[in-house]
Every structure is written in C-alpha cells, then in structure tokens.
Amino acid sequence: MNTILEPEVTTDQLSYITAVKMHIDELYEKQEIFGLSLETLELTRRFYNLYTPLDKIDKATPFALNQLLSITQHLERNLVKESK
C-alpha cells in the first residue's frame with residue numbers, strides 16, 4: 001500500500017476522490033447501501049469525515065490528504081467487490 005503522498009495533490013487524485021464520492025452519493029440516493037457490508041459502511045463514514053471540498057483542498061494537510069486517498073482506495077476496492 002502506498003503510504004507516502006507528495007505535498008501537492010494531482011488533478012488525477014482529486015478527480016479519483018470526486019468520482020468515488022459521486023458513486024457513494026448515488027448508492028445513498030438509490031438506497032442501495034443496505035446491501036453493503038459493515039466494513040464498507042464504516043469506510044464510507046470515515047471517507048465522509050475526511051472528505052474535503054475541492055475549494056478547501058489547498059488548506060488540508062498532506063497527512064489528511066494521504067489518509068483520504070488511502071481510505072478512498074480501500075473503499076473503492078470494497079465497492080467493486082460487493083457490486084459483483
């Protein structure tokens with residue numbers, strides 16, 4: 001697992017985080033969250049606690065961004081496994 005994040009966040013990483021957030025929002029909107037595992041629901045909760053809007057991303061610390069990116073990757077992996 002990649003645990004080091006450069007201080008500057010790339011646009012690819014931001015678009016990746018935004019895409020996962022949009023996917024989660026769609027699941028909540030369609031009320032499909034009831035089929036998710038408890039681990040995925042916990043990751044979703046942590047994701048929303050760490051999520052920083054794009055206009056405030058410059059003020060976030062590299063540690064917080066690294067944590068958000070790590071949780072996003074783990075969450076995406078779980079969502080892909082559970083959607084099969």
# chains A, B, ... in the order shown; residues from 1 in each chain; ligands from 1
$ select_by_dssp --residues "segment 22-75 of chain A" --states "helix (DSSP H, G or I)" --output "VMD selection string"
chain A and resid 22 to 29 33 to 35 38 to 50 54 to 59 62 to 75
$ residues_around --residues "segment 75-77 of chain A" --least-positions-apart "3" --cutoff "8 Å" --atoms "only C-alpha atoms" --output "list in words"
Val20, Thr40, Leu43, Thr44, Ile71, Thr72, Val80 and Lys81 of chain A
$ closest_residue --among "A:Met22, A:Lys30, A:Glu42, A:Leu50" --to "Ser70 of chain A" --atoms "only C-alpha atoms"
A:Leu50
$ residues_around --residues "Tyr51 of chain A" --least-positions-apart "5" --cutoff "9 Å" --atoms "only C-alpha atoms" --output "PyMOL selection string"
chain A and resi 17+21+46+65+68
$ write_last_selection --atoms "N, CA, C and O atoms" --output "short mmCIF file (atom, residue, chain, number, x, y, z; two decimals), in the first residue's frame"
data_model
loop_
_atom_site.label_atom_id
_atom_site.label_comp_id
_atom_site.auth_asym_id
_atom_site.auth_seq_id
_atom_site.Cartn_x
_atom_site.Cartn_y
_atom_site.Cartn_z
N ILE A 17 -10.95 10.90 -6.20
CA ILE A 17 -11.69 11.07 -4.95
C ILE A 17 -13.11 11.55 -5.24
O ILE A 17 -14.08 11.06 -4.66
N LYS A 21 -16.70 9.66 -4.49
CA LYS A 21 -17.74 10.35 -3.71
C LYS A 21 -19.06 10.36 -4.48
O LYS A 21 -20.12 10.12 -3.90
N ARG A 46 -15.92 7.00 7.45
CA ARG A 46 -14.59 7.62 7.56
C ARG A 46 -14.29 8.51 6.38
O ARG A 46 -13.69 9.58 6.52
N LEU A 65 -4.69 14.44 3.51
CA LEU A 65 -4.90 14.06 2.11
C LEU A 65 -4.47 12.62 1.87
O LEU A 65 -5.13 11.86 1.15
N LEU A 68 -7.12 10.40 3.34
CA LEU A 68 -8.31 10.41 2.48
C LEU A 68 -8.08 9.54 1.24
O LEU A 68 -8.95 8.76 0.86
#
$ closest_residue --among "A:Leu27, A:Leu69, A:Leu14, A:Leu36" --to "Glu82 of chain A" --atoms "only C-alpha atoms"
A:Leu36
$ atom_distance --atom1 "atom CA of Glu32 of chain A" --atom2 "atom CA of Tyr48 of chain A"
17.2 Å
$ closest_residue --among "A:Ile57, A:Arg45, A:Glu29, A:Thr52" --to "Thr11 of chain A" --atoms "only C-alpha atoms"
A:Ile57
$ closest_residue --among "A:Phe63, A:Ser83, A:Leu41, A:Tyr16" --to "Tyr28 of chain A" --atoms "only C-alpha atoms"
A:Leu41
